[in-house]
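S.K.: Below is a structure I'd like to ask you about.
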Amino acid sequence: MPDDSHYDLEVLGTCMTNPTKGSQFGATVECRYLWSFAQEEALVALSEKGDDGCYRLIADPERRAKRIAARYADMYFQSAIKSGGKLQFYWVAAAAFAVKDIAESLRYAREEILGITQGAAKGLASLAVTRGDDTPYDHTERIYAALAKGNMWLFMEIYPWLWFFLEYGFDRDGTLKSERLKHCVTERDWNTLQQQSKKAVEELPFGPNWFTRLEARLAADPVYARGKVYANMDLPTTTESGKGAQMAAAEAAHEYVRDNVKSYDAGYRFPPSGYWHVFPEAYFVMESERKELLRLAGDSAATARLVKVRNFKVTGQIQNAYDACIQGASSVDPKVKKECQQKELIAILDQEQTNVLQPLIYEDPKFKVTIDLNHQASRMTGGWLTPQIKVIWSAGNEVSDPTLETIFDEPTGLWDRATGASQSLTNLHDRMIFAGKVATDFNRLMRKDLEYMEGELRKIRAWFKA
Amino acid sequence: MMVALLLMVLLQVSCKRMQEIKFELGDDVVETARHSGVPKFQVQKVSRSIIYSVAPVPEGIPVRYTRPGYELSIAPLFSFTLYAEEERSRKVDEVSIIIGHITSHEAAHAFAEQMIAQFQKGKWKRHIPESCPAVTGRSSLLDETGKWTGNCPADPDYKLSLQEWLELLQDQNPQKFPKWEWLGDGIFVRFYMWVSTYPEYPGDTRPSYRFSLDFQIDTVRKETDAELEAHDIKEGEIHGWPVAARIAAGKIETAKRIKLLEENAVKRGDRVVDR
């Protein structure tokens, strides 16, 4: 039986074992089956094997983010090893740093906002983080869910493209199988995956099936129902406003939620229930969680966009990336190889931002409001109030040591800082030009400080089993 | 109230300071930053590198490269970054400039033309890498089969028509994105771009161009290339990959390819020039 920290879904089927020693069979394996293996690799990367032999998706988005960062970092090194030094993927190295920062953003949202009272959060953010009906917890739940969704689905989309290239693109002697790659790249399709892989993908968080289950769970949530009873208790008041009684009732609700949230999780809580015992206003967090998840569940346009991404069909950008990698691996000229790395980086960056993240998270108008407010607050306070949108080029998350960051829309002076944000992360044009700056800094460091960068990637790789 | 007013005045003064950005390579990074006209840089240090950057650059601010005979004026800007190394006496060895939003093929074509024209007007000399054919005209943008390729820097004397520009860039294939390179007074410059189009982006299907200009001290660039090659060879030795042999074979393969490309260029009516 699954415990409360995992989703109850099986991602691997069972296979017959051939008991005959030394027997050999010739078989032509169709691309679609190879794509099933590639997809399965992505699923297993974010799963753990239970006592019953079944893999289950890790429910904690922070652990998933760490594992994703580690997988990307590992792929940077593995690509050189598997190709016998003929190829080294490049985008994965930049992505490992970026995803490491997502893991940190998730932690920050959970510990630094949900982990303090809403009053304190409002006090800190009275200028920028509250607007309309949304509370700081509402905004935080929105960011938490969007990061969890974008990060996991990007990995499900991109990782198999690259894993496939390495696994099936080279023979044992290191010979590049370019025709196989060119043929198979067009054959990836969720609809033709082996049944169990297909089903596992279909059941992943934020997909239509998951939302159906989520809605049913939220409707029957006994912890929320009981917490609400506590929050609405009519306690005797000693003040004219009745505030003291309200606070006492709310405190009772928070305590009840903290004590009982684990009893109703099964992998559907955001953040996972194991973190809630330190939330001072756990009932309010639960209200915000509920509000955001129901909003997402009701956003049929967003779900339709995800279903389209989930088809995993080849795009021009992926074909361009494959062309670049094939050219790089075929050439013996080191300068041509470096050029090809640049082309691969650009093509996959484009795929990531345009074809995956844009439809998955950035087209959500509510998320746009939240992320713009967050950016405005962080920009005005130099990141003191809320973290800046940035990539930190180290395995660590803090900037107490001098280290390099590439910061989105950094103010150019006091006036610029005071007058507010000039760019929006949800605007594709703004984001793509920022991606250009990220790529430029990354290139410089990979050229001039390769030893340092590879050392940091090795540290990130240590999260492989986070 | 007085304090608020004073603060507003101070803030506006600080805003007014930036009129343009000026830069040179080879001088101390702190001095270069101080004289650049940028009121506030984001300064970072990572491992060996020191980085001074500003992004985004406020609208309407151009950047000027000031070396006499090689002057350039570049706008609109998105970012401006100075790179130096502790081990190289903190001298600026690289400057990276990213151009601001250009969101039509026509505007991008016009921007590239005017940028190239500035180089051609100054004392800059076209740079042809050893791995590329020294050919003129359209041939500098064609591969062995006569198809468009961005593998080698284009001949800056060759003016791409808008039609050709679209052929190279409309399908956003990085394999075809053109680039140009120059050398001038020991400074290497690469001018390159990438473009994305968003056929399904709601309400905005414009292409998004990201032009970049990278300036590097040529000797430092060559040293870095040599260091990277040594790193690759060392990795090869550790893992048992024949990297050194591949590099040697690559030189022979490249020489053959260059010969073929130069012959093709001559047949096409283009010329082979000195490097």
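If you're wondering about the labels, chains in the structure tokens are A, B, ... by order shown, residues count from 1 in each chain, ligands from 1 in order shown.
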Pull out every residue of chain B that has at least one atom within 7 Å of chain A, counting only C-alpha atoms, and report them as a ChimeraX atom specification.
M.R.: /B:11-12,14-15,39-40,44-48,54-56,173-175,196,198,208,210,224,236,241,246-247,249-251
S.K.: List every residue of region 60-186 of chain B that DSSP, applied to the backbone, labels as strand (DSSP E or B), and write the result as an NGL selection string.
M.R.: :B and (63-65 or 72-74 or 77-85 or 91-99 or 102 or 125-126 or 135 or 142 or 148 or 179-184)
S.K.: Residues as selected, N, CA and C atoms, written as a compact mmCIF listing (two decimals), in the first residue's frame, can you do that?
M.R.:
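Output saved as selection_12.txt:
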```txt
# COMPACT_ATOMS: atom_id res chain seq x y z
N VAL B 63 25.27 52.32 -26.71
CA VAL B 63 26.60 52.01 -26.22
C VAL B 63 27.59 52.35 -27.33
N ARG B 64 28.70 52.97 -26.93
CA ARG B 64 29.70 53.35 -27.94
C ARG B 64 31.02 52.67 -27.65
N TYR B 65 31.59 52.05 -28.71
CA TYR B 65 32.94 51.52 -28.63
C TYR B 65 33.85 52.64 -29.11
N LEU B 72 32.05 52.42 -32.86
CA LEU B 72 30.74 51.80 -33.15
C LEU B 72 29.72 52.41 -32.21
N SER B 73 28.51 52.55 -32.69
CA SER B 73 27.42 53.00 -31.83
C SER B 73 26.30 51.97 -31.94
N ILE B 74 25.90 51.45 -30.80
CA ILE B 74 25.00 50.29 -30.82
C ILE B 74 23.75 50.58 -29.98
N LEU B 77 19.62 48.70 -26.68
CA LEU B 77 20.32 47.74 -25.84
C LEU B 77 19.37 46.99 -24.91
N PHE B 78 19.69 45.75 -24.67
CA PHE B 78 19.03 45.04 -23.56
C PHE B 78 20.02 44.93 -22.40
N SER B 79 21.23 44.46 -22.71
CA SER B 79 22.19 44.30 -21.61
C SER B 79 23.59 44.67 -22.06
N PHE B 80 24.40 45.01 -21.08
CA PHE B 80 25.79 45.37 -21.31
C PHE B 80 26.61 44.74 -20.19
N THR B 81 27.58 43.91 -20.55
CA THR B 81 28.33 43.17 -19.52
C THR B 81 29.83 43.23 -19.78
N LEU B 82 30.56 43.58 -18.73
CA LEU B 82 32.03 43.56 -18.80
C LEU B 82 32.53 42.32 -18.07
N TYR B 83 33.47 41.61 -18.66
CA TYR B 83 34.05 40.44 -18.01
C TYR B 83 35.56 40.66 -17.84
N ALA B 84 36.06 40.27 -16.68
CA ALA B 84 37.51 40.34 -16.43
C ALA B 84 37.90 39.14 -15.58
N GLU B 85 39.20 38.97 -15.44
CA GLU B 85 39.68 37.86 -14.61
C GLU B 85 40.67 38.38 -13.59
N LYS B 91 41.80 43.08 -15.92
CA LYS B 91 41.59 43.85 -17.15
C LYS B 91 40.38 43.29 -17.91
N VAL B 92 39.59 44.18 -18.48
CA VAL B 92 38.41 43.73 -19.22
C VAL B 92 38.88 42.95 -20.44
N ASP B 93 38.54 41.66 -20.51
CA ASP B 93 38.97 40.86 -21.65
C ASP B 93 37.81 40.50 -22.57
N GLU B 94 36.60 40.79 -22.11
CA GLU B 94 35.43 40.47 -22.93
C GLU B 94 34.30 41.42 -22.58
N VAL B 95 33.56 41.83 -23.60
CA VAL B 95 32.36 42.65 -23.39
C VAL B 95 31.24 42.02 -24.19
N SER B 96 30.12 41.83 -23.53
CA SER B 96 28.98 41.25 -24.24
C SER B 96 27.83 42.24 -24.26
N ILE B 97 27.27 42.43 -25.44
CA ILE B 97 26.14 43.36 -25.61
C ILE B 97 24.99 42.58 -26.22
N ILE B 98 23.85 42.66 -25.57
CA ILE B 98 22.65 42.04 -26.16
C ILE B 98 21.70 43.16 -26.55
N ILE B 99 21.21 43.05 -27.76
CA ILE B 99 20.35 44.10 -28.32
C ILE B 99 18.92 43.90 -27.83
N ILE B 102 13.66 43.38 -30.92
CA ILE B 102 13.41 43.62 -32.34
C ILE B 102 12.43 42.54 -32.74
N LYS B 125 38.75 44.46 -39.86
CA LYS B 125 39.09 43.51 -40.92
C LYS B 125 38.25 42.25 -40.71
N ARG B 126 37.69 41.76 -41.78
CA ARG B 126 36.90 40.54 -41.68
C ARG B 126 37.74 39.41 -41.09
N VAL B 135 36.21 32.60 -48.55
CA VAL B 135 35.48 32.90 -49.79
C VAL B 135 34.62 34.13 -49.63
N LEU B 142 27.15 29.16 -47.68
CA LEU B 142 26.65 27.91 -48.25
C LEU B 142 27.53 26.73 -47.82
N TRP B 148 22.01 26.71 -47.47
CA TRP B 148 22.33 27.73 -46.48
C TRP B 148 22.91 27.09 -45.23
N LYS B 179 26.19 34.73 -38.96
CA LYS B 179 27.00 35.50 -38.00
C LYS B 179 28.12 36.17 -38.77
N TRP B 180 28.70 37.18 -38.16
CA TRP B 180 29.80 37.91 -38.77
C TRP B 180 30.91 38.08 -37.74
N GLU B 181 32.16 38.09 -38.21
CA GLU B 181 33.28 38.26 -37.28
C GLU B 181 34.30 39.24 -37.86
N TRP B 182 34.88 40.03 -36.96
CA TRP B 182 35.90 40.98 -37.36
C TRP B 182 37.05 40.98 -36.36
N LEU B 183 38.17 41.49 -36.84
CA LEU B 183 39.32 41.74 -35.97
C LEU B 183 39.73 43.20 -36.15
N GLY B 184 40.06 43.86 -35.06
CA GLY B 184 40.51 45.24 -35.17
C GLY B 184 41.39 45.61 -34.01
```
S.K.: Give me, as a ChimeraX atom specification, all polymer residues having an atom no more than 7 Å from Glu48 (chain A), counting only C-alpha atoms and skipping those fewer than 2 positions away in the same chain.
M.R.: /A:50,55-58
S.K.: For the residues selected in the previous step, produce a file with C-alpha atoms as a compact mmCIF listing (two decimals), in the first residue's frame.
M.R.:
```
# COMPACT_ATOMS: atom_id res chain seq x y z
CA GLY A 50 7.68 0.38 -3.04
CA TYR A 55 7.27 2.61 -8.69
CA ARG A 56 5.33 5.57 -7.41
CA LEU A 57 5.81 9.21 -8.22
CA ILE A 58 7.41 11.23 -5.42
```
S.K.: For Pro272 (chain A), please output as a list in words all residues within 9 Å (counting only C-alpha atoms; exclusion window: fewer than 5 positions along the same chain).
M.R.: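 The neighbour list is Ser5, Ala59, Asp60, Pro61, Lys262, Asp265, Ala266 and Gly267 of chain A.
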